[in-house]
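What follows is a short report on a single structure.
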Amino acid sequence: MRADTARPRPRIAIIGAGFSGVCLGIQLLQAGFRDFTILEKAERAGGTWRDNTYPGAACDLQSFAYCYSFEQKTDWSRRWSPQPEILAYLEHCVRKYGLGPHLRTGAEVEAARFDAEAGLWRVRLASGEELEAEVLVSGVGQLHRPHVPDLSGLGDFRGVSFHSARWRHDVDLAGKDVAVIGNAASAIQFIPEIAPRVRRLHVLQRSANWMLPKGDRVFSEREKWIFGHVPLAARLQRWRIWLTHELWFFPVMRGNNWLARGVEKLARGHIEAQVADPDLRRALVPDYPIGARRALISDDYYPALQRENVSLVTSPIERIVADGVLTRDGRRHPAEVLILATGFESTSFLAPIKIEGLGGRRLDEAWKGGAEAYLGLAVPGFPNFFLMYGPNTNLGHNSIIFMIECQARYIVSALRQMAERGLRRIDLRPDVMRAFQARLERALAKTVWARTDHSWYKTREGRITNNWSGTTVSYWWKTRRAKLAEYRLAARDEEPPAQATGPA
């Protein structure tokens with residue numbers, strides 16, 4: 001069904017051209033919406049897969065589940081897709097679905113303010129230019145701002161330092177002493193790649209991570225032929241991955257002790273099979289339940305740690321010094337290059353963009369106690385504003401692409417209903433937000449994520465703001481159609497006075 005062409009349809013501004021922005025753009029075109037612009041601060045689409053180009057960068061979900069359901073890629077080179085292929089896939093989608101005319105690159109959004117009198121979002125770019133749109137959508141996601149920890153003496157380091165998400169390809173690591181701060185998802189991918197080239201590599205581990213075997217391999221030409229010529233084979237592969245994660249890993253997140261013991265046994269067996277030194281083994285076993293933090297996958301990280309030129313450092317960092325890292329045990333770890341594999345500012349959604357809703361209320365003020373949004377999509381007091389990959393929509397067990405498609409479907413449903421009913425604006429009701437948040441927090445308290453002090457899923461105060469509490473099926477069911485009864489509505493011929501409405 002296409003949008004009703006007899007009624008005016010809103011102008012739409014989408015921030016970000018990663019998986020979210022591209023997906024929504026495609027769905028808008030297919031629903032008959034043409035008046036939209038995707039604002040991308042960089043010079044090309046791609047989001048996190050454009051930014052993260054470190055050696056060995058790859059997805060931690062199998063390839064066939066890491067693409068849009070409506071654009072199934074069948075010629076992946078490996079079971080676990082590498083970064084260049086994912087980026088090429090996204091660029092292919094932009095071309096195939098004709099998003100080029102709607103994509104504006106080099107357009108960094110600095111702020112957006114809802115003008116209640118005009119019924120418009122006024123979007124200010126870093127260049128100073130101001131744009132207007134009836135509807136604003138954030139597609140910036142959760143993992144786009146690198147986190148640089150407050151390390152004493154970091155400014156005193158005389159060598160080269162950079163974050164893994166902003167990899168310096170102009171820096172030759174061959175024959176150099178290198179220190180890596182961090183040992184999570186990015187580090188375990190690039191450490192095996194750089195270890196053979198450097199003279200000495202110090203891996204500074206704050207805490208151990210549970211790690212499972214990856215079992216990566218290339219797809220044979222025969223497999224590629226089957227996937228490309230038998231559509232059902234590719235679909236079955238996708239469904240198998242999704243169902244395995246939904247039935248096996250989600251119960252672990254919800255504290256199923258029987259399944260958790262099975263997954264932990266697999267992880268411990270992986271360490272025992274790959275690590276001979278008992279002291280190193282002990283240092284690599286976490287002290288928290290499996291699933292409480294992001295579980296990692298790798299076949300080559302443990303072997304890399306056992307190279308003669310690699311050392312695992314578990315003593316906390318005391319300070320960074322001019323020529324390396326000093327740890328609390330008094331040891332100095334020389335380094336000419338310092339690589340920060342310290343993750344992202346995952347709980348500061350949308351920062352540093354300033355979003356201002358009704359009554360001049362700022363979103364960062366509304367989210368002082370932690371970000372929250374109805375289904376991760378809408379916030380009271382911020383009319384005609386939607387988020388994608390917003391608060392509490394990350395997954396610890398399955399494909400975020402699934403969630404993104406659900407969100408795009410919901411937003412298109414809301415926009416179609418606005419057009420059909422001649423609505424000027426919709427604004428989520430605060431009581432709907434309160435009821436949803438209460439249910440969500442009760443569910444989150446029962447998950448394994450609540451059983452660890454800190455993770456990138458949580459704020460410093462311990463509030464879980466990133467992960468969805470249920471299955472992907474439950475999210476699909478809740479987002480299959482926007483229910484405008486949950487919103488306060490204003491028709492085009494009426495406009496209620498502006499009022500400050502918070503999410504609480």
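Ordering of the structure tokens sets the chain letters (A, B, ...), residue numbers begin anew at 1 in every chain, and ligands are numbered from 1 in the order given.
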Looking only at strand (DSSP E or B) from DSSP on the backbone, list the matching residues of region 241-469 of chain A as a ChimeraX atom specification. /A:296-297,310-313,317-321,324-327,332-334,337-340,344,354-356,362,374,378,385-387,394,423-428,458,464,467
Pick out the residues sitting within 10 Å of Ala378 (chain A), and hand them over as an MDAnalysis selection string; count only C-alpha atoms, and ignore anything fewer than 6 positions along from it in its own chain. chainID A and resid 137 372 384:388 390:391 411 427:429 433 487 503
Using C-alpha atoms, can you write the selected residues to a file as a compact mmCIF listing (two decimals), in the first residue's frame?
```
# COMPACT_ATOMS: atom_id res chain seq x y z
CA VAL A 137 14.63 10.92 12.49
CA GLU A 372 14.71 6.25 27.46
CA ASN A 384 7.39 14.14 14.97
CA PHE A 385 10.75 12.88 16.20
CA PHE A 386 11.85 9.25 15.92
CA LEU A 387 15.00 7.37 16.81
CA MET A 388 16.47 4.27 15.19
CA GLY A 390 17.74 4.14 20.09
CA PRO A 391 17.64 3.43 23.83
CA ILE A 411 8.14 4.93 11.38
CA ASP A 427 3.55 13.50 20.25
CA LEU A 428 3.90 10.41 22.42
CA ARG A 429 1.73 10.48 25.54
CA MET A 433 6.09 6.24 28.16
CA TYR A 487 0.13 9.78 20.77
CA PRO A 503 9.42 11.50 29.45
```
Find the residues around Cys59 (chain A) up to 12 Å (only C-alpha atoms counted), leave out those fewer than 3 positions away in its own chain, and share them as a PyMOL selection string. chain A and resi 48-49+52-53+56+62-67+78-87+185-186+189+214+216+296-298+399-401
Grab the residues selected above and save them as an mmCIF file, in the first residue's frame with N, CA and C atoms.
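Output contents, as saved in selection-v5.cif:
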```cif
data_model
loop_
_atom_site.group_PDB
_atom_site.id
_atom_site.type_symbol
_atom_site.label_atom_id
_atom_site.label_comp_id
_atom_site.auth_asym_id
_atom_site.auth_seq_id
_atom_site.Cartn_x
_atom_site.Cartn_y
_atom_site.Cartn_z
ATOM 1 N N THR A 48 29.128 3.045 10.909
ATOM 2 C CA THR A 48 30.227 2.439 11.664
ATOM 3 C C THR A 48 31.132 1.608 10.768
ATOM 4 N N TRP A 49 30.582 1.092 9.654
ATOM 5 C CA TRP A 49 31.390 0.269 8.756
ATOM 6 C C TRP A 49 32.225 1.111 7.802
ATOM 7 N N ASN A 52 35.120 2.304 10.987
ATOM 8 C CA ASN A 52 35.989 1.300 11.600
ATOM 9 C C ASN A 52 36.708 0.495 10.531
ATOM 10 N N THR A 53 37.937 0.894 10.263
ATOM 11 C CA THR A 53 38.722 0.254 9.200
ATOM 12 C C THR A 53 39.980 -0.406 9.746
ATOM 13 N N GLY A 56 41.519 -6.434 10.320
ATOM 14 C CA GLY A 56 40.721 -7.539 10.818
ATOM 15 C C GLY A 56 39.290 -7.184 11.165
ATOM 16 N N GLN A 62 27.020 -13.842 11.944
ATOM 17 C CA GLN A 62 27.292 -14.480 10.659
ATOM 18 C C GLN A 62 26.686 -13.684 9.497
ATOM 19 N N SER A 63 27.384 -13.719 8.385
ATOM 20 C CA SER A 63 27.106 -12.865 7.235
ATOM 21 C C SER A 63 25.653 -12.889 6.780
ATOM 22 N N PHE A 64 25.062 -14.065 6.675
ATOM 23 C CA PHE A 64 23.733 -14.164 6.080
ATOM 24 C C PHE A 64 22.653 -13.498 6.920
ATOM 25 N N ALA A 65 22.939 -13.225 8.176
ATOM 26 C CA ALA A 65 21.976 -12.526 9.028
ATOM 27 C C ALA A 65 22.317 -11.051 9.150
ATOM 28 N N TYR A 66 23.425 -10.620 8.527
ATOM 29 C CA TYR A 66 23.834 -9.226 8.649
ATOM 30 C C TYR A 66 23.631 -8.489 7.334
ATOM 31 N N CYS A 67 22.420 -8.514 6.861
ATOM 32 C CA CYS A 67 22.010 -7.752 5.689
ATOM 33 C C CYS A 67 20.499 -7.625 5.766
ATOM 34 N N ARG A 78 32.899 -15.027 3.249
ATOM 35 C CA ARG A 78 33.186 -15.803 4.457
ATOM 36 C C ARG A 78 31.921 -15.948 5.294
ATOM 37 N N ARG A 79 31.996 -16.849 6.268
ATOM 38 C CA ARG A 79 30.877 -17.012 7.199
ATOM 39 C C ARG A 79 30.665 -15.748 8.015
ATOM 40 N N TRP A 80 31.747 -15.052 8.337
ATOM 41 C CA TRP A 80 31.684 -13.823 9.129
ATOM 42 C C TRP A 80 32.218 -12.694 8.257
ATOM 43 N N SER A 81 31.332 -11.803 7.867
ATOM 44 C CA SER A 81 31.664 -10.833 6.834
ATOM 45 C C SER A 81 32.675 -9.794 7.292
ATOM 46 N N PRO A 82 33.714 -9.545 6.495
ATOM 47 C CA PRO A 82 34.701 -8.511 6.803
ATOM 48 C C PRO A 82 34.174 -7.117 6.486
ATOM 49 N N GLN A 83 34.749 -6.119 7.117
ATOM 50 C CA GLN A 83 34.305 -4.731 6.994
ATOM 51 C C GLN A 83 34.183 -4.237 5.551
ATOM 52 N N PRO A 84 35.177 -4.478 4.689
ATOM 53 C CA PRO A 84 35.046 -3.942 3.322
ATOM 54 C C PRO A 84 33.812 -4.473 2.589
ATOM 55 N N GLU A 85 33.447 -5.727 2.825
ATOM 56 C CA GLU A 85 32.278 -6.296 2.155
ATOM 57 C C GLU A 85 30.985 -5.689 2.676
ATOM 58 N N ILE A 86 30.924 -5.425 3.988
ATOM 59 C CA ILE A 86 29.720 -4.828 4.564
ATOM 60 C C ILE A 86 29.543 -3.415 4.037
ATOM 61 N N LEU A 87 30.633 -2.659 3.993
ATOM 62 C CA LEU A 87 30.572 -1.296 3.469
ATOM 63 C C LEU A 87 30.151 -1.308 1.999
ATOM 64 N N ALA A 185 35.738 -6.218 21.803
ATOM 65 C CA ALA A 185 35.343 -6.653 20.462
ATOM 66 C C ALA A 185 36.287 -6.212 19.350
ATOM 67 N N SER A 186 36.743 -4.953 19.382
ATOM 68 C CA SER A 186 37.654 -4.496 18.331
ATOM 69 C C SER A 186 39.056 -5.041 18.532
ATOM 70 N N GLN A 189 40.021 -8.445 17.339
ATOM 71 C CA GLN A 189 40.106 -8.603 15.892
ATOM 72 C C GLN A 189 41.416 -8.065 15.332
ATOM 73 N N LYS A 214 34.898 -19.124 16.959
ATOM 74 C CA LYS A 214 34.221 -18.489 15.830
ATOM 75 C C LYS A 214 33.923 -19.461 14.699
ATOM 76 N N ASP A 216 35.303 -19.526 11.751
ATOM 77 C CA ASP A 216 35.208 -18.795 10.483
ATOM 78 C C ASP A 216 35.878 -19.585 9.365
ATOM 79 N N LEU A 296 32.316 -12.441 23.283
ATOM 80 C CA LEU A 296 33.134 -12.240 22.090
ATOM 81 C C LEU A 296 33.346 -13.562 21.361
ATOM 82 N N ILE A 297 33.746 -13.467 20.105
ATOM 83 C CA ILE A 297 34.028 -14.659 19.313
ATOM 84 C C ILE A 297 35.349 -14.473 18.589
ATOM 85 N N SER A 298 36.202 -15.481 18.672
ATOM 86 C CA SER A 298 37.488 -15.416 17.972
ATOM 87 C C SER A 298 38.140 -16.785 17.953
ATOM 88 N N SER A 399 20.582 -10.273 15.594
ATOM 89 C CA SER A 399 20.974 -9.268 14.608
ATOM 90 C C SER A 399 20.279 -7.930 14.824
ATOM 91 N N ILE A 400 21.063 -6.874 14.922
ATOM 92 C CA ILE A 400 20.508 -5.525 15.049
ATOM 93 C C ILE A 400 19.814 -5.111 13.757
ATOM 94 N N ILE A 401 20.162 -5.732 12.630
ATOM 95 C CA ILE A 401 19.494 -5.398 11.370
ATOM 96 C C ILE A 401 18.004 -5.738 11.461
#
```
For region 337-455 of chain A against region 150-155 of chain A, with a cut-off of 12 Å and counting only C-alpha atoms, what is the closest atom pair and its distance in Å to one decimal for every residue that makes the cut, ordered by chain and number, as a Markdown table?
```
| residue | atom | partner | partner_atom | distance |
| --- | --- | --- | --- | --- |
| A:Leu338 | CA | A:Leu154 | CA | 9.7 |
| A:Ile339 | CA | A:Leu154 | CA | 11.6 |
| A:Leu340 | CA | A:Leu151 | CA | 10.7 |
| A:Thr342 | CA | A:Asp150 | CA | 10.9 |
```
A:Glu420, A:Glu365, A:Glu130, A:Glu405: which is nearest Ala491 (chain A), counting only C-alpha atoms? A:Glu420
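The smallest atom-to-atom distance between Ala445 (chain A) and any of A:Gly32, A:Gly291, A:Gly462, A:Pro352, using only C-alpha atoms, is found for A:Gly462.
Distance check against Leu444 (chain A) using only C-alpha atoms: of A:Arg460, A:Arg254, A:His333, A:Arg488, the minimum falls on A:Arg254.
The coordinates place CA of Pro213 (chain A) at 10.0 Å from CA of Tyr301 (chain A).
Of the residues listed (A:Leu232, A:Ile38, A:Ile226, A:Ala13), A:Ala13 shows the shortest atom-to-atom separation from Leu131 (chain A); distances use only C-alpha atoms.
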Report the residues of region 44-121 of chain A whose backbone DSSP state falls under alpha helix (DSSP H), written as a PyMOL selection string. chain A and resi 48-51+83-96
